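Structure record follows, encoded as C-alpha cells.
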Amino acid sequence: MTSANSHHGDIVALDRRHVWHPYTQEQVAPEPIPIVSGQGALLYDSAGRSYLDLISSWWVTTHGHAHPVVAAAIARQAQQLEQVIFAGMTHEPAVQLATRLTSRLPAGLTRVFYSDDGSTAVEVALKMACQYWINRGEPRNRFLAFEGGYHGDTVGAMSAGRSSGFFDAFQSMMFQVDTLPFPETWIDDETVEQKEQQSMAALNRYLTEQGKNCAAVIVEPLVQGAAGMRMCRPEFLRCLAATLKAHNVLLIFDEVMTGFGRTGALFACHKAGVTPDIICLSKGLTSGFLPLSVTICQESIYAAFLASGFDHALAHGHSFTANPIGCAAALASLELFDRDNCMARLVMIERLHRERLADLARHDKAHRWRVMGTIAALDIRTDTTGYHSEVGPRLKRFFLERGLLIRPLGNVIYLLPPYCITESELHRGWNGIEEALNRITANAN
Ligand SMILES: *Cc1c(COP(=O)(O)O)cnc(C)c1O
C-alpha cells in the first residue's frame, strides 16, 4: 500500500465520521471519492485515478478546473482586499462586474444586487417582486411557477419549486405557489405545439382569474435543470413574455443554470429573444471557483424602492454580499468568454452532441433525445421514471468505474461539460453512454 493510498483511506474514514453530504442518503450511499486536484475537464483522486468531469461539478465549472487566469485573479485580489462591508462602502471589483454584466445582458437590465448562491439569488428576486408591488401601493401575494421547476433549497426558492418533488418534508414551511404545465420537448417531438397551446391556455385562464394578484412568474428559461434537463422552445418563452407584459405581471428568469454559455448563447434570454424583468445568475458566474450570485432587474423595479424613508428599501443582505474575491473571479471568468475561441468551442460541443445523438437515436433503450447548446440529454426507458428511478445510481457507478463523472437525474442521462473539454474527451463521454445503453440497460427494468 502506497502512502497516497493510506492517506486516501484516512480522508474517507474521517469524512464518514464527521461530514454530512448534500442530497445523499448517507446510510446506503457509496463512499465519497476524495478528490485532490483538477485540471481542465479532469479531476484526480488521492489514489491517482482521473475522472472526466462531464457535469461541470454540479453545473458550475465553465472554463475548466483550476483555470490559471481565474486562479491568478483570485490570488491578486486576496492580497489586496479580501472582504469589506457592502452597505455604505463599495469596491472596484463589484462595480466593474456590475457594469460588465449589465453590458452583456439585454438592454433594460441595469441594476445588480449581489448575494451568495443560486437559492439566495432567487429569494432576492421573489422579495424584489413582492415588495415592488407593495411599494407601488398595489400589493400582490401570488407567484406562478412551472411544474417540475427547481429554484433552490431555501424556503422561498423551495416554495417556487415545490412541484419538483424534492421537498415533501417541508410542505408546512412553504408558501402557496401556483403552477403551469411546462411544455417540454425533444428532437422530432410532434406534439410540441399542442403542449405549448395547453400551457398558454392555462396561463390565460389563470391571468383572467388571478392576474391582479400575481406578483411574478418564475421560469428556468429553455432548460429545466434539476427536473431532468427538460427543454422548451424559444417561441414558447416569447409567447409567455408577451402575455405577461399585456397583463402587467413581472417575469423572472432563473438563469442560475442556463447562464454563462450553457445554452450556446451567453444567456438563455438572448437565445429566446426575451428581456425578463428580473434575472438570477450564479452557477457559472465565477467559473465554479467561488460561491457568488446576482439578481439583476430593470430600472423601473429599482426605482420603486426609492423614497425618503427606509420602509421602501430592500431589507435584504448577506455578510459576504459582493465579496471582492468572488467578484474578481467572476470578472476573470467573463473575460475568458472573449478568449481562446470560447464561443466557437460551445458550437463544437453542440455539433458533437448532435452527431452522437443522431447516431444513437435508433437505440430502443432510450428516447426523448434533446440538445440545447452544451447540454445533451436522453431518457432511459424504465418502469420507474423520475428522480428516484433505480437505474440512476447503477448508471452512476457504471460511469465512475470507467473514469467518467456522469450523474444521471433518475432515468435521465445528460452531459453538461466544461467548455475546455476537447473533442476526444467528449467522445469518451458519449462512448460511455453508448456502452451503458448497450450493456446496463440490457437487464434494466
Ligand atoms: C442550482 C439551481 C439553483 C440553486 O442554486 P444553489 O447555488 O444550489 O443555491 C436555483 N435555480 C436553478 C435553476 C438551479 O439550477
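Chain labels A, B, ... are given in the sequence in which chains occur in the C-alpha cells; within each chain residues are numbered consecutively from 1, and ligands are likewise numbered from 1 in the order shown.
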Once you count only C-alpha atoms and all ligand atoms, what closest atom pair and distance in Å to one decimal does each residue of chain A within 9 Å of ligand 1 have, with rows by chain and rising residue number, as CSV?
```
residue,atom,partner,partner_atom_place_in_ligand_line,distance
A:Trp58,CA,ligand 1,1 (C),7.8
A:Trp59,CA,ligand 1,1 (C),7.8
A:Val60,CA,ligand 1,1 (C),8.8
A:Asp116,CA,ligand 1,7 (O),7.7
A:Asp117,CA,ligand 1,7 (O),4.0
A:Gly118,CA,ligand 1,5 (O),3.1
A:Ser119,CA,ligand 1,9 (O),3.6
A:Thr120,CA,ligand 1,9 (O),6.5
A:Ala121,CA,ligand 1,10 (C),7.8
A:Val122,CA,ligand 1,10 (C),6.7
A:Gly149,CA,ligand 1,13 (C),7.7
A:Tyr150,CA,ligand 1,13 (C),5.7
A:His151,CA,ligand 1,11 (N),3.6
A:Gly152,CA,ligand 1,4 (C),3.7
A:Asp153,CA,ligand 1,9 (O),6.3
A:Thr154,CA,ligand 1,9 (O),7.7
A:Ala157,CA,ligand 1,10 (C),7.4
A:Gly161,CA,ligand 1,11 (N),8.9
A:Val219,CA,ligand 1,13 (C),8.3
A:Glu220,CA,ligand 1,13 (C),5.6
A:Pro221,CA,ligand 1,13 (C),8.7
A:Val223,CA,ligand 1,13 (C),8.5
A:Gln224,CA,ligand 1,13 (C),6.7
A:Gly225,CA,ligand 1,15 (O),5.4
A:Ala226,CA,ligand 1,15 (O),6.2
A:Phe253,CA,ligand 1,13 (C),9.0
A:Asp254,CA,ligand 1,13 (C),5.5
A:Glu255,CA,ligand 1,13 (C),5.9
A:Val256,CA,ligand 1,12 (C),4.7
A:Met257,CA,ligand 1,15 (O),4.4
A:Thr258,CA,ligand 1,13 (C),7.2
A:Cys280,CA,ligand 1,11 (N),8.0
A:Leu281,CA,ligand 1,11 (N),8.5
A:Ser282,CA,ligand 1,7 (O),6.4
A:Lys283,CA,ligand 1,7 (O),6.1
A:Pro291,CA,ligand 1,7 (O),7.4
A:Leu292,CA,ligand 1,7 (O),8.2
A:Ser293,CA,ligand 1,7 (O),7.9
```
Can you write just those residues out, C-alpha atoms, as a PDB file, in the first residue's frame?
```pdb
ATOM      1  CA  TRP A  58     -22.929  20.300 -10.379  1.00  0.00           C
ATOM      2  CA  TRP A  59     -23.082  22.663 -13.375  1.00  0.00           C
ATOM      3  CA  VAL A  60     -20.678  25.352 -12.127  1.00  0.00           C
ATOM      4  CA  ASP A 116     -24.063  34.215  -2.459  1.00  0.00           C
ATOM      5  CA  ASP A 117     -25.649  31.335  -4.376  1.00  0.00           C
ATOM      6  CA  GLY A 118     -28.490  30.418  -6.700  1.00  0.00           C
ATOM      7  CA  SER A 119     -31.037  29.946  -3.935  1.00  0.00           C
ATOM      8  CA  THR A 120     -30.420  33.375  -2.447  1.00  0.00           C
ATOM      9  CA  ALA A 121     -30.471  34.979  -5.907  1.00  0.00           C
ATOM     10  CA  VAL A 122     -33.976  33.516  -6.275  1.00  0.00           C
ATOM     11  CA  GLY A 149     -39.266  23.693 -11.884  1.00  0.00           C
ATOM     12  CA  TYR A 150     -36.386  23.839  -9.398  1.00  0.00           C
ATOM     13  CA  HIS A 151     -35.173  27.121  -7.934  1.00  0.00           C
ATOM     14  CA  GLY A 152     -33.045  26.206  -4.905  1.00  0.00           C
ATOM     15  CA  ASP A 153     -33.289  24.938  -1.340  1.00  0.00           C
ATOM     16  CA  THR A 154     -34.085  27.971   0.854  1.00  0.00           C
ATOM     17  CA  ALA A 157     -36.908  29.027  -3.514  1.00  0.00           C
ATOM     18  CA  GLY A 161     -40.004  24.770  -6.831  1.00  0.00           C
ATOM     19  CA  VAL A 219     -39.205  30.136 -15.038  1.00  0.00           C
ATOM     20  CA  GLU A 220     -35.972  28.357 -15.887  1.00  0.00           C
ATOM     21  CA  PRO A 221     -35.693  29.569 -19.488  1.00  0.00           C
ATOM     22  CA  VAL A 223     -33.953  24.190 -19.847  1.00  0.00           C
ATOM     23  CA  GLN A 224     -35.387  22.976 -16.534  1.00  0.00           C
ATOM     24  CA  GLY A 225     -32.212  21.603 -14.947  1.00  0.00           C
ATOM     25  CA  ALA A 226     -32.979  19.516 -11.867  1.00  0.00           C
ATOM     26  CA  PHE A 253     -35.784  34.292 -15.460  1.00  0.00           C
ATOM     27  CA  ASP A 254     -33.938  31.863 -13.191  1.00  0.00           C
ATOM     28  CA  GLU A 255     -30.772  31.524 -15.278  1.00  0.00           C
ATOM     29  CA  VAL A 256     -28.771  30.094 -12.378  1.00  0.00           C
ATOM     30  CA  MET A 257     -28.008  27.032 -14.508  1.00  0.00           C
ATOM     31  CA  THR A 258     -28.618  28.291 -18.072  1.00  0.00           C
ATOM     32  CA  CYS A 280     -30.951  35.378 -11.453  1.00  0.00           C
ATOM     33  CA  LEU A 281     -27.388  34.220 -12.204  1.00  0.00           C
ATOM     34  CA  SER A 282     -24.999  32.136 -10.179  1.00  0.00           C
ATOM     35  CA  LYS A 283     -23.581  28.735 -11.090  1.00  0.00           C
ATOM     36  CA  PRO A 291     -19.921  30.992  -4.429  1.00  0.00           C
ATOM     37  CA  LEU A 292     -21.410  34.251  -5.715  1.00  0.00           C
ATOM     38  CA  SER A 293     -24.683  35.264  -7.333  1.00  0.00           C
TER      39      SER A 293
END
```
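Once Asp277 (chain A) and its same-chain neighbours fewer than 4 positions away are set aside, Gly108, Leu109, Leu250, Leu251, Ile252, Phe253, Ile296, Cys297, Gln298, Ser300 and Ile301 of chain A remain within 9 Å of it when counting only C-alpha atoms.
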*Looking only at helix (DSSP H, G or I) from DSSP on the backbone, list the matching residues of region 225-441 of chain A as number ranges by chain.*
A: 234-246, 268-272, 299-303, 310-312, 324-336, 342-360, 391-401, 423-441
_Shell around Met89 (chain A) at 12 Å using only C-alpha atoms, local window under 6 positions removed, as a list in words_ =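 What passes the distance filter is Gln83, Val95, Thr321, Ala322, Asn323 and Pro324 of chain A.
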Any chance you can output those residues with all heavy atoms as an mmCIF file, in the first residue's frame?
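result_20.cif was written with the following content:
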```cif
data_model
loop_
_atom_site.group_PDB
_atom_site.id
_atom_site.type_symbol
_atom_site.label_atom_id
_atom_site.label_comp_id
_atom_site.auth_asym_id
_atom_site.auth_seq_id
_atom_site.Cartn_x
_atom_site.Cartn_y
_atom_site.Cartn_z
ATOM 1 N N GLN A 83 -12.324 41.348 1.746
ATOM 2 C CA GLN A 83 -13.742 41.492 2.087
ATOM 3 C C GLN A 83 -13.950 42.861 2.693
ATOM 4 O O GLN A 83 -13.063 43.386 3.374
ATOM 5 C CB GLN A 83 -14.148 40.383 3.082
ATOM 6 C CG GLN A 83 -15.503 40.530 3.755
ATOM 7 C CD GLN A 83 -16.691 40.485 2.789
ATOM 8 O OE1 GLN A 83 -16.532 40.180 1.607
ATOM 9 N NE2 GLN A 83 -17.859 40.828 3.270
ATOM 10 N N VAL A 95 -18.150 46.967 -8.728
ATOM 11 C CA VAL A 95 -18.653 47.971 -9.666
ATOM 12 C C VAL A 95 -18.343 47.542 -11.103
ATOM 13 O O VAL A 95 -19.196 47.613 -11.994
ATOM 14 C CB VAL A 95 -18.030 49.344 -9.343
ATOM 15 C CG1 VAL A 95 -18.402 50.367 -10.407
ATOM 16 C CG2 VAL A 95 -18.477 49.810 -7.960
ATOM 17 N N THR A 321 -22.003 39.825 1.051
ATOM 18 C CA THR A 321 -22.529 40.462 -0.158
ATOM 19 C C THR A 321 -21.401 41.063 -0.994
ATOM 20 O O THR A 321 -20.611 41.863 -0.495
ATOM 21 C CB THR A 321 -23.534 41.574 0.215
ATOM 22 O OG1 THR A 321 -24.634 40.997 0.915
ATOM 23 C CG2 THR A 321 -24.055 42.275 -1.033
ATOM 24 N N ALA A 322 -21.343 40.684 -2.278
ATOM 25 C CA ALA A 322 -20.364 41.222 -3.233
ATOM 26 C C ALA A 322 -18.924 41.013 -2.778
ATOM 27 O O ALA A 322 -18.078 41.888 -2.962
ATOM 28 C CB ALA A 322 -20.630 42.704 -3.501
ATOM 29 N N ASN A 323 -18.633 39.861 -2.222
ATOM 30 C CA ASN A 323 -17.260 39.567 -1.793
ATOM 31 C C ASN A 323 -16.254 39.885 -2.913
ATOM 32 O O ASN A 323 -16.394 39.416 -4.041
ATOM 33 C CB ASN A 323 -17.156 38.087 -1.399
ATOM 34 C CG ASN A 323 -15.724 37.679 -1.121
ATOM 35 O OD1 ASN A 323 -15.082 37.050 -1.946
ATOM 36 N ND2 ASN A 323 -15.218 38.075 0.019
ATOM 37 N N PRO A 324 -15.246 40.715 -2.612
ATOM 38 C CA PRO A 324 -14.336 41.172 -3.675
ATOM 39 C C PRO A 324 -13.588 40.035 -4.383
ATOM 40 O O PRO A 324 -13.344 40.126 -5.595
ATOM 41 C CB PRO A 324 -13.346 42.075 -2.929
ATOM 42 C CG PRO A 324 -14.056 42.498 -1.686
ATOM 43 C CD PRO A 324 -14.972 41.370 -1.315
#
```
_What parts of region 352-439 of chain A does DSSP call strand (DSSP E or B)? I'd like the answer as a list in words._
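Those in region 352-439 of chain A that DSSP calls strand (DSSP E or B) are Ala366, His367, Arg368, Trp369, Arg370, Val371, Met372, Ile375, Ala376, Ala377, Leu378, Asp379, Ile380, Leu404, Leu405, Leu409, Val412, Ile413, Tyr414 and Leu415 of chain A.
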Just-selected residues, C-alpha atoms written as a PDB file, in the first residue's frame:
```
ATOM      1  CA  ALA A 366     -33.694   5.421 -24.760  1.00  0.00           C
ATOM      2  CA  HIS A 367     -35.938   8.152 -26.098  1.00  0.00           C
ATOM      3  CA  ARG A 368     -36.633  11.906 -25.898  1.00  0.00           C
ATOM      4  CA  TRP A 369     -33.191  12.835 -27.249  1.00  0.00           C
ATOM      5  CA  ARG A 370     -32.550  16.546 -26.802  1.00  0.00           C
ATOM      6  CA  VAL A 371     -29.815  19.179 -27.117  1.00  0.00           C
ATOM      7  CA  MET A 372     -29.616  22.839 -26.121  1.00  0.00           C
ATOM      8  CA  ILE A 375     -26.418  20.363 -22.758  1.00  0.00           C
ATOM      9  CA  ALA A 376     -27.466  16.997 -24.185  1.00  0.00           C
ATOM     10  CA  ALA A 377     -29.939  14.614 -22.537  1.00  0.00           C
ATOM     11  CA  LEU A 378     -31.936  11.441 -23.090  1.00  0.00           C
ATOM     12  CA  ASP A 379     -34.397   9.390 -21.050  1.00  0.00           C
ATOM     13  CA  ILE A 380     -33.713   5.709 -20.364  1.00  0.00           C
ATOM     14  CA  LEU A 404     -16.448   9.298 -16.179  1.00  0.00           C
ATOM     15  CA  LEU A 405     -18.248  11.718 -13.864  1.00  0.00           C
ATOM     16  CA  LEU A 409     -31.056  12.553 -12.719  1.00  0.00           C
ATOM     17  CA  VAL A 412     -32.253  10.887 -17.371  1.00  0.00           C
ATOM     18  CA  ILE A 413     -28.664  10.745 -18.629  1.00  0.00           C
ATOM     19  CA  TYR A 414     -27.204  14.106 -19.541  1.00  0.00           C
ATOM     20  CA  LEU A 415     -23.888  15.715 -20.428  1.00  0.00           C
TER      21      LEU A 415
END
```
*A:Leu357, A:Lys127, A:Ala216, A:Glu434: which is nearest Ile187 (chain A), counting only C-alpha atoms?*
A:Leu357
